[in-house]
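Student: Got query36.pdb for you, PDB, N, CA and C atoms, pLDDT in the B column:
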```pdb
MODEL        1
ATOM      1  N   MET A   1      25.321 -49.718   3.460  1.00 79.00           N
ATOM      2  CA  MET A   1      25.216 -48.319   3.077  1.00 79.00           C
ATOM      3  C   MET A   1      25.839 -48.140   1.682  1.00 79.00           C
ATOM      4  N   ALA A   2      25.073 -47.593   0.774  1.00 83.00           N
ATOM      5  CA  ALA A   2      25.543 -47.413  -0.603  1.00 83.00           C
ATOM      6  C   ALA A   2      26.423 -46.171  -0.711  1.00 83.00           C
ATOM      7  N   THR A   3      27.451 -46.277  -1.517  1.00 90.00           N
ATOM      8  CA  THR A   3      28.341 -45.156  -1.779  1.00 90.00           C
ATOM      9  C   THR A   3      27.901 -44.468  -3.062  1.00 90.00           C
ATOM     10  N   THR A   4      27.809 -43.145  -3.020  1.00 91.00           N
ATOM     11  CA  THR A   4      27.449 -42.393  -4.215  1.00 91.00           C
ATOM     12  C   THR A   4      28.617 -42.406  -5.183  1.00 91.00           C
ATOM     13  N   LYS A   5      28.324 -42.728  -6.428  1.00 95.00           N
ATOM     14  CA  LYS A   5      29.334 -42.665  -7.484  1.00 95.00           C
ATOM     15  C   LYS A   5      29.068 -41.403  -8.287  1.00 95.00           C
ATOM     16  N   TRP A   6      30.133 -40.728  -8.709  1.00 96.00           N
ATOM     17  CA  TRP A   6      30.020 -39.438  -9.384  1.00 96.00           C
ATOM     18  C   TRP A   6      30.592 -39.493 -10.783  1.00 96.00           C
ATOM     19  N   GLU A   7      30.062 -38.635 -11.638  1.00 97.00           N
ATOM     20  CA  GLU A   7      30.693 -38.363 -12.921  1.00 97.00           C
ATOM     21  C   GLU A   7      31.068 -36.888 -12.921  1.00 97.00           C
ATOM     22  N   TYR A   8      32.115 -36.559 -13.657  1.00 97.00           N
ATOM     23  CA  TYR A   8      32.670 -35.205 -13.654  1.00 97.00           C
ATOM     24  C   TYR A   8      32.797 -34.692 -15.075  1.00 97.00           C
ATOM     25  N   ILE A   9      32.797 -33.363 -15.186  1.00 97.00           N
ATOM     26  CA  ILE A   9      33.000 -32.721 -16.472  1.00 97.00           C
ATOM     27  C   ILE A   9      33.697 -31.386 -16.232  1.00 97.00           C
ATOM     28  N   THR A  10      34.473 -30.960 -17.196  1.00 96.00           N
ATOM     29  CA  THR A  10      35.060 -29.620 -17.152  1.00 96.00           C
ATOM     30  C   THR A  10      34.564 -28.850 -18.367  1.00 96.00           C
ATOM     31  N   THR A  11      34.412 -27.550 -18.193  1.00 94.00           N
ATOM     32  CA  THR A  11      33.961 -26.712 -19.292  1.00 94.00           C
ATOM     33  C   THR A  11      34.591 -25.330 -19.170  1.00 94.00           C
ATOM     34  N   PRO A  12      34.991 -24.738 -20.279  1.00 94.00           N
ATOM     35  CA  PRO A  12      35.518 -23.373 -20.229  1.00 94.00           C
ATOM     36  C   PRO A  12      34.388 -22.398 -19.924  1.00 94.00           C
ATOM     37  N   LEU A  13      34.705 -21.322 -19.225  1.00 93.00           N
ATOM     38  CA  LEU A  13      33.723 -20.281 -18.915  1.00 93.00           C
ATOM     39  C   LEU A  13      34.094 -19.007 -19.641  1.00 93.00           C
ATOM     40  N   LEU A  14      33.146 -18.452 -20.341  1.00 89.00           N
ATOM     41  CA  LEU A  14      33.336 -17.166 -21.003  1.00 89.00           C
ATOM     42  C   LEU A  14      32.872 -16.080 -20.043  1.00 89.00           C
ATOM     43  N   ILE A  15      33.720 -15.110 -19.772  1.00 87.00           N
ATOM     44  CA  ILE A  15      33.440 -14.086 -18.766  1.00 87.00           C
ATOM     45  C   ILE A  15      32.093 -13.399 -18.998  1.00 87.00           C
ATOM     46  N   HIS A  16      31.767 -13.098 -20.239  1.00 90.00           N
ATOM     47  CA  HIS A  16      30.536 -12.361 -20.518  1.00 90.00           C
ATOM     48  C   HIS A  16      29.286 -13.233 -20.458  1.00 90.00           C
ATOM     49  N   ASN A  17      29.443 -14.561 -20.272  1.00 91.00           N
ATOM     50  CA  ASN A  17      28.293 -15.467 -20.313  1.00 91.00           C
ATOM     51  C   ASN A  17      28.341 -16.525 -19.212  1.00 91.00           C
ATOM     52  N   THR A  18      29.059 -16.250 -18.144  1.00 93.00           N
ATOM     53  CA  THR A  18      29.279 -17.235 -17.083  1.00 93.00           C
ATOM     54  C   THR A  18      27.977 -17.745 -16.475  1.00 93.00           C
ATOM     55  N   THR A  19      27.069 -16.850 -16.129  1.00 93.00           N
ATOM     56  CA  THR A  19      25.822 -17.258 -15.481  1.00 93.00           C
ATOM     57  C   THR A  19      25.010 -18.174 -16.374  1.00 93.00           C
ATOM     58  N   ALA A  20      24.880 -17.830 -17.632  1.00 95.00           N
ATOM     59  CA  ALA A  20      24.102 -18.654 -18.556  1.00 95.00           C
ATOM     60  C   ALA A  20      24.724 -20.042 -18.716  1.00 95.00           C
ATOM     61  N   ILE A  21      26.038 -20.095 -18.801  1.00 94.00           N
ATOM     62  CA  ILE A  21      26.730 -21.389 -18.947  1.00 94.00           C
ATOM     63  C   ILE A  21      26.484 -22.261 -17.718  1.00 94.00           C
ATOM     64  N   LEU A  22      26.668 -21.693 -16.527  1.00 96.00           N
ATOM     65  CA  LEU A  22      26.477 -22.475 -15.296  1.00 96.00           C
ATOM     66  C   LEU A  22      25.016 -22.868 -15.103  1.00 96.00           C
ATOM     67  N   ASN A  23      24.073 -21.988 -15.450  1.00 97.00           N
ATOM     68  CA  ASN A  23      22.648 -22.327 -15.339  1.00 97.00           C
ATOM     69  C   ASN A  23      22.274 -23.458 -16.294  1.00 97.00           C
ATOM     70  N   THR A  24      22.859 -23.471 -17.478  1.00 96.00           N
ATOM     71  CA  THR A  24      22.590 -24.548 -18.430  1.00 96.00           C
ATOM     72  C   THR A  24      23.052 -25.885 -17.876  1.00 96.00           C
ATOM     73  N   TRP A  25      24.290 -25.943 -17.373  1.00 97.00           N
ATOM     74  CA  TRP A  25      24.800 -27.193 -16.787  1.00 97.00           C
ATOM     75  C   TRP A  25      23.987 -27.571 -15.549  1.00 97.00           C
ATOM     76  N   GLY A  26      23.640 -26.587 -14.720  1.00 97.00           N
ATOM     77  CA  GLY A  26      22.853 -26.864 -13.520  1.00 97.00           C
ATOM     78  C   GLY A  26      21.484 -27.447 -13.840  1.00 97.00           C
ATOM     79  N   SER A  27      20.864 -26.995 -14.918  1.00 97.00           N
ATOM     80  CA  SER A  27      19.552 -27.520 -15.305  1.00 97.00           C
ATOM     81  C   SER A  27      19.637 -28.978 -15.758  1.00 97.00           C
ATOM     82  N   GLU A  28      20.841 -29.429 -16.078  1.00 96.00           N
ATOM     83  CA  GLU A  28      21.059 -30.828 -16.460  1.00 96.00           C
ATOM     84  C   GLU A  28      21.554 -31.672 -15.294  1.00 96.00           C
ATOM     85  N   GLY A  29      21.492 -31.109 -14.076  1.00 96.00           N
ATOM     86  CA  GLY A  29      21.843 -31.864 -12.877  1.00 96.00           C
ATOM     87  C   GLY A  29      23.285 -31.744 -12.427  1.00 96.00           C
ATOM     88  N   TRP A  30      24.085 -30.899 -13.101  1.00 98.00           N
ATOM     89  CA  TRP A  30      25.492 -30.740 -12.736  1.00 98.00           C
ATOM     90  C   TRP A  30      25.635 -29.713 -11.619  1.00 98.00           C
ATOM     91  N   GLU A  31      26.487 -30.016 -10.651  1.00 98.00           N
ATOM     92  CA  GLU A  31      26.784 -29.127  -9.524  1.00 98.00           C
ATOM     93  C   GLU A  31      28.207 -28.598  -9.673  1.00 98.00           C
ATOM     94  N   LEU A  32      28.348 -27.277  -9.538  1.00 98.00           N
ATOM     95  CA  LEU A  32      29.673 -26.657  -9.626  1.00 98.00           C
ATOM     96  C   LEU A  32      30.515 -27.063  -8.427  1.00 98.00           C
ATOM     97  N   VAL A  33      31.724 -27.522  -8.696  1.00 98.00           N
ATOM     98  CA  VAL A  33      32.668 -27.904  -7.640  1.00 98.00           C
ATOM     99  C   VAL A  33      33.695 -26.793  -7.444  1.00 98.00           C
ATOM    100  N   GLN A  34      34.255 -26.305  -8.561  1.00 97.00           N
ATOM    101  CA  GLN A  34      35.325 -25.323  -8.458  1.00 97.00           C
ATOM    102  C   GLN A  34      35.530 -24.633  -9.802  1.00 97.00           C
ATOM    103  N   ILE A  35      36.003 -23.393  -9.746  1.00 97.00           N
ATOM    104  CA  ILE A  35      36.427 -22.668 -10.934  1.00 97.00           C
ATOM    105  C   ILE A  35      37.904 -22.347 -10.762  1.00 97.00           C
ATOM    106  N   VAL A  36      38.698 -22.679 -11.768  1.00 97.00           N
ATOM    107  CA  VAL A  36      40.139 -22.430 -11.718  1.00 97.00           C
ATOM    108  C   VAL A  36      40.585 -21.740 -13.003  1.00 97.00           C
ATOM    109  N   THR A  37      41.767 -21.181 -12.967  1.00 96.00           N
ATOM    110  CA  THR A  37      42.367 -20.612 -14.166  1.00 96.00           C
ATOM    111  C   THR A  37      42.991 -21.749 -14.971  1.00 96.00           C
ATOM    112  N   GLY A  38      42.601 -21.849 -16.239  1.00 91.00           N
ATOM    113  CA  GLY A  38      43.111 -22.904 -17.108  1.00 91.00           C
ATOM    114  C   GLY A  38      44.524 -22.633 -17.559  1.00 91.00           C
ATOM    115  N   PRO A  39      45.129 -23.582 -18.252  1.00 89.00           N
ATOM    116  CA  PRO A  39      46.515 -23.454 -18.683  1.00 89.00           C
ATOM    117  C   PRO A  39      46.749 -22.292 -19.654  1.00 89.00           C
ATOM    118  N   GLU A  40      45.707 -21.914 -20.415  1.00 88.00           N
ATOM    119  CA  GLU A  40      45.854 -20.788 -21.344  1.00 88.00           C
ATOM    120  C   GLU A  40      45.393 -19.470 -20.719  1.00 88.00           C
ATOM    121  N   GLY A  41      45.014 -19.498 -19.450  1.00 91.00           N
ATOM    122  CA  GLY A  41      44.641 -18.284 -18.744  1.00 91.00           C
ATOM    123  C   GLY A  41      43.153 -18.046 -18.580  1.00 91.00           C
ATOM    124  N   GLY A  42      42.303 -18.758 -19.319  1.00 92.00           N
ATOM    125  CA  GLY A  42      40.858 -18.604 -19.160  1.00 92.00           C
ATOM    126  C   GLY A  42      40.347 -19.376 -17.953  1.00 92.00           C
ATOM    127  N   LEU A  43      39.079 -19.179 -17.651  1.00 95.00           N
ATOM    128  CA  LEU A  43      38.466 -19.883 -16.524  1.00 95.00           C
ATOM    129  C   LEU A  43      37.913 -21.226 -16.963  1.00 95.00           C
ATOM    130  N   VAL A  44      38.058 -22.216 -16.077  1.00 96.00           N
ATOM    131  CA  VAL A  44      37.539 -23.554 -16.324  1.00 96.00           C
ATOM    132  C   VAL A  44      36.702 -23.965 -15.119  1.00 96.00           C
ATOM    133  N   ALA A  45      35.486 -24.444 -15.388  1.00 97.00           N
ATOM    134  CA  ALA A  45      34.604 -24.915 -14.320  1.00 97.00           C
ATOM    135  C   ALA A  45      34.684 -26.429 -14.228  1.00 97.00           C
ATOM    136  N   TYR A  46      34.756 -26.939 -13.001  1.00 98.00           N
ATOM    137  CA  TYR A  46      34.692 -28.368 -12.728  1.00 98.00           C
ATOM    138  C   TYR A  46      33.323 -28.634 -12.116  1.00 98.00           C
ATOM    139  N   LEU A  47      32.588 -29.582 -12.695  1.00 98.00           N
ATOM    140  CA  LEU A  47      31.247 -29.896 -12.242  1.00 98.00           C
ATOM    141  C   LEU A  47      31.121 -31.392 -11.979  1.00 98.00           C
ATOM    142  N   LYS A  48      30.135 -31.763 -11.133  1.00 98.00           N
ATOM    143  CA  LYS A  48      29.896 -33.170 -10.841  1.00 98.00           C
ATOM    144  C   LYS A  48      28.396 -33.400 -10.721  1.00 98.00           C
ATOM    145  N   ARG A  49      27.993 -34.664 -10.905  1.00 97.00           N
ATOM    146  CA  ARG A  49      26.616 -35.090 -10.636  1.00 97.00           C
ATOM    147  C   ARG A  49      26.647 -36.573 -10.327  1.00 97.00           C
ATOM    148  N   PRO A  50      25.650 -37.043  -9.568  1.00 96.00           N
ATOM    149  CA  PRO A  50      25.617 -38.472  -9.256  1.00 96.00           C
ATOM    150  C   PRO A  50      25.526 -39.284 -10.544  1.00 96.00           C
ATOM    151  N   LEU A  51      26.265 -40.364 -10.582  1.00 93.00           N
ATOM    152  CA  LEU A  51      26.283 -41.248 -11.734  1.00 93.00           C
ATOM    153  C   LEU A  51      24.999 -42.065 -11.747  1.00 93.00           C
ATOM    154  N   ALA A  52      24.310 -42.054 -12.888  1.00 82.00           N
ATOM    155  CA  ALA A  52      23.075 -42.841 -13.025  1.00 82.00           C
ATOM    156  C   ALA A  52      23.425 -44.320 -13.042  1.00 82.00           C
ATOM    157  N   ASP A  53      22.631 -45.103 -12.351  1.00 70.00           N
ATOM    158  CA  ASP A  53      22.868 -46.560 -12.313  1.00 70.00           C
ATOM    159  C   ASP A  53      22.401 -47.233 -13.561  1.00 70.00           C
TER
ENDMDL
END
```
Would you encode the structure as structure tokens?

Tutor:
Amino acid sequence: MATTKWEYITTPLLIHNTTAILNTWGSEGWELVQIVTGPEGGLVAYLKRPLAD
């Protein structure tokens, strides 16, 4: 049984453009994992997608 390997990325989210930012990453195969407050107070999205072999 093969194990899925993942790659991850983080990106800042701008409140006025959140949907467009997430849709752009989603169209490239990235799946949203979590949104957290970053160290400077803004929102940061964590995304993942299967690693290409």

Student: Please, what distance in Å, to one decimal, runs between atom C of Glu28 in chain A and atom C of Ala45 in chain A?

Tutor: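 For atom C of Glu28 in chain A relative to atom C of Ala45 in chain A, the distance reads 14.2 Å.
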
Student: Report, in Å with one decimal, the straight-line distance from atom N of Arg49 in chain A to CA of Ala2 in chain A.

Tutor: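 Separating atom N of Arg49 in chain A from CA of Ala2 in chain A is a distance of 16.6 Å.
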
Student: Would you pick out the contacts of Leu32 in chain A at 6.5 Å or less, using only N, CA and C atoms, so that residues sharing its chain but fewer than 2 positions from it are not included, and give the list as JSON, numbers by chain?

Tutor: {"A": [30, 34, 46, 47, 48]}

Student: With the PyMOL selection byres ((chain A and resi 12) around 5) as the selection, what would be picked from this file? Answer as a list in words, please.

Tutor: Thr10, Thr11, Leu13, Leu14, Leu43, Val44 and Ala45 of chain A

Student: Which distance in Å separates atom N of Thr18 in chain A and atom N of Lys5 in chain A, to one decimal?

Tutor: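 It comes out at 29.0 Å.
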
Student: DSSP on the backbone, strand (DSSP E) only: what residues of chain A does that give? Format it as a list in words.

Tutor: Trp6, Glu7, Tyr8, Ile9, Thr10, Thr11, Pro12, Leu13, Glu31, Leu32, Val33, Gln34, Ile35, Val36, Thr37, Leu43, Val44, Ala45, Tyr46, Leu47, Lys48, Arg49 and Pro50 of chain A

Student: Between A:Trp6, A:His16, A:Pro50, A:Met1, single out the one closest to Gly29 in chain A, counting all atoms listed in the file.

Tutor: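 Looking only at the distances to Gly29 in chain A, the closest residue turns out to be A:Pro50.
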
Student: Produce the centre coordinates and the three edge lengths, each in Å to one decimal, of the box along x, y and z that contains all listed atoms of range 17-20 of chain A with 4 Å added on each side, as lines of an AutoDock Vina configuration file.

Tutor:
```
center_x = 26.8
center_y = -17.3
center_z = -17.9
size_x = 13.3
size_y = 13.5
size_z = 12.8
```
